Amino acid sequence: MLGKVCVITGGAGVICSSMAMFLASKGVKTVIADLNLDAAQNVAHQISEKTGTASLGVQINVLDKSSLEKALQIIRETFGKIDFLINGAGGNSPKATSQDEQINENTQSGVTDFFGLEIEGFQKVFDLNFIGTVLPTMVFAKDMVESKSGAILNISSMNSFRPLTKIPAYSAAKAAINNLTQWLAVHFAKTGVRVNAIAPGFFITNQNRFLLIDEKTGNLTPRGQKVITHTPVGKFGEPEDLNSAVYFLLSEESHFINGIVIPVDGGFSAFSGV
């Protein structure tokens, strides 16, 4: 892994910046690719300062191919060819989140249920998570195919296995990521490029905080408490909890692992609730 180059989309976020820091500590040159250039450059500077490994911050829009191609040129001029890609950009939207978990006698039809959701919210969530994985792979994976080596890591979710209530768009988009991961793994298999994914359990992020933490009291919402109750280890994950799985799936230690989705969820997927 020493000296390899890894592009991380959404790299300035809490979880992806932790991945980048960990990879840099192992000697991987990281590219923090994010819509927010200042945040990307700040994270890259922190990584370089703390690890002594070069890191580059670049601006990208994962839904704009020309933006990605411009970033590719900068990356090649700075680091050379790309060896790894982590498709970390993603998230949910309140506009695609229902207030009610199920329709009941208190449901306000067209307001708190499925019928009150905005199709624009669905489109935004699907584009960001799915198309925002497809386009970066189209642009950044070419170097790997030409080099006949490399690894791509997609970020799935627990929602992809069992859709959670309230967030139909996010669940469907992440299920699509699992399918895409398998398709790409087969498509690239003979080129020497592997494609896998991790499915994080529950981690507090800017996208889901409003669902899990009461912003007025700072306490768990009823939904947040349900998550903890159904997570056998009894806590939310920390960003660092993902790093070993990320490193393993990118490294040659997993050279015969291709097309899988690994849960990193504190046992959530194994628990029946009883």
# chains A, B, ... in the order shown; residues from 1 in each chain; ligands from 1
>>> residues_around(residues="Val274 in chain A", least_positions_apart="4", cutoff="12 Å", atoms="only C-alpha atoms", output="list in words")
Thr229, His230, Thr231, Pro232 and Ala270 of chain A
>>> write_last_selection(atoms="C-alpha atoms", output="PDB file, in the first residue's frame")
ATOM      1  CA  THR A 229     -31.750  -1.191  21.466  1.00  0.00           C
ATOM      2  CA  HIS A 230     -31.347  -3.220  18.260  1.00  0.00           C
ATOM      3  CA  THR A 231     -27.564  -2.875  18.104  1.00  0.00           C
ATOM      4  CA  PRO A 232     -26.132  -5.652  20.314  1.00  0.00           C
ATOM      5  CA  ALA A 270     -27.642 -10.252  13.189  1.00  0.00           C
TER       6      ALA A 270
END
>>> residues_around(residues="range 125-133 of chain A", least_positions_apart="5", cutoff="8 Å", atoms="only C-alpha atoms", output="PyMOL selection string")
chain A and resi 62-63+87+89-93+96+154+169-170+172-174+176-177
>>> closest_residue(among="A:Asp241, A:Glu49, A:Asp83, A:Asp100", to="Arg194 in chain A", atoms="only C-alpha atoms")
A:Asp83
>>> closest_residue(among="A:Val139, A:Ile167, A:Ala189, A:Leu153", to="Tyr247 in chain A", atoms="only C-alpha atoms")
A:Leu153
>>> select_by_dssp(residues="range 136-192 of chain A", states="strand (DSSP E)", output="ChimeraX atom specification")
/A:150-155
>>> write_last_selection(atoms="N, CA and C atoms", output="mmCIF file, in the first residue's frame")
data_model
loop_
_atom_site.group_PDB
_atom_site.id
_atom_site.type_symbol
_atom_site.label_atom_id
_atom_site.label_comp_id
_atom_site.auth_asym_id
_atom_site.auth_seq_id
_atom_site.Cartn_x
_atom_site.Cartn_y
_atom_site.Cartn_z
ATOM 1 N N GLY A 150 -5.816 -2.729 -8.879
ATOM 2 C CA GLY A 150 -6.505 -1.688 -8.131
ATOM 3 C C GLY A 150 -7.755 -2.216 -7.457
ATOM 4 N N ALA A 151 -8.385 -1.344 -6.692
ATOM 5 C CA ALA A 151 -9.597 -1.739 -5.971
ATOM 6 C C ALA A 151 -10.527 -0.541 -5.825
ATOM 7 N N ILE A 152 -11.804 -0.829 -5.929
ATOM 8 C CA ILE A 152 -12.852 0.171 -5.735
ATOM 9 C C ILE A 152 -13.681 -0.246 -4.537
ATOM 10 N N LEU A 153 -13.969 0.707 -3.676
ATOM 11 C CA LEU A 153 -14.782 0.426 -2.494
ATOM 12 C C LEU A 153 -15.984 1.363 -2.488
ATOM 13 N N ASN A 154 -17.165 0.778 -2.558
ATOM 14 C CA ASN A 154 -18.395 1.561 -2.485
ATOM 15 C C ASN A 154 -18.920 1.570 -1.058
ATOM 16 N N ILE A 155 -19.658 2.620 -0.726
ATOM 17 C CA ILE A 155 -20.221 2.722 0.617
ATOM 18 C C ILE A 155 -21.719 2.435 0.550
#
>>> residues_around(residues="Glu252 in chain A", least_positions_apart="4", cutoff="9 Å", atoms="only C-alpha atoms", output="PyMOL selection string")
chain A and resi 1+248+256
>>> write_last_selection(atoms="N, CA and C atoms", output="mmCIF file, in the first residue's frame")
data_model
loop_
_atom_site.group_PDB
_atom_site.id
_atom_site.type_symbol
_atom_site.label_atom_id
_atom_site.label_comp_id
_atom_site.auth_asym_id
_atom_site.auth_seq_id
_atom_site.Cartn_x
_atom_site.Cartn_y
_atom_site.Cartn_z
ATOM 1 N N MET A 1 0.821 -1.216 0.000
ATOM 2 C CA MET A 1 0.000 0.000 0.000
ATOM 3 C C MET A 1 0.856 1.268 0.000
ATOM 4 N N PHE A 248 -8.462 -3.479 4.619
ATOM 5 C CA PHE A 248 -8.429 -4.876 4.195
ATOM 6 C C PHE A 248 -8.946 -5.042 2.766
ATOM 7 N N PHE A 256 -8.587 -12.178 -3.345
ATOM 8 C CA PHE A 256 -9.559 -13.108 -3.914
ATOM 9 C C PHE A 256 -10.983 -12.769 -3.462
#
>>> closest_residue(among="A:Gln46, A:Ser254, A:Gln99, A:Thr53", to="Phe210 in chain A", atoms="only C-alpha atoms")
A:Gln99
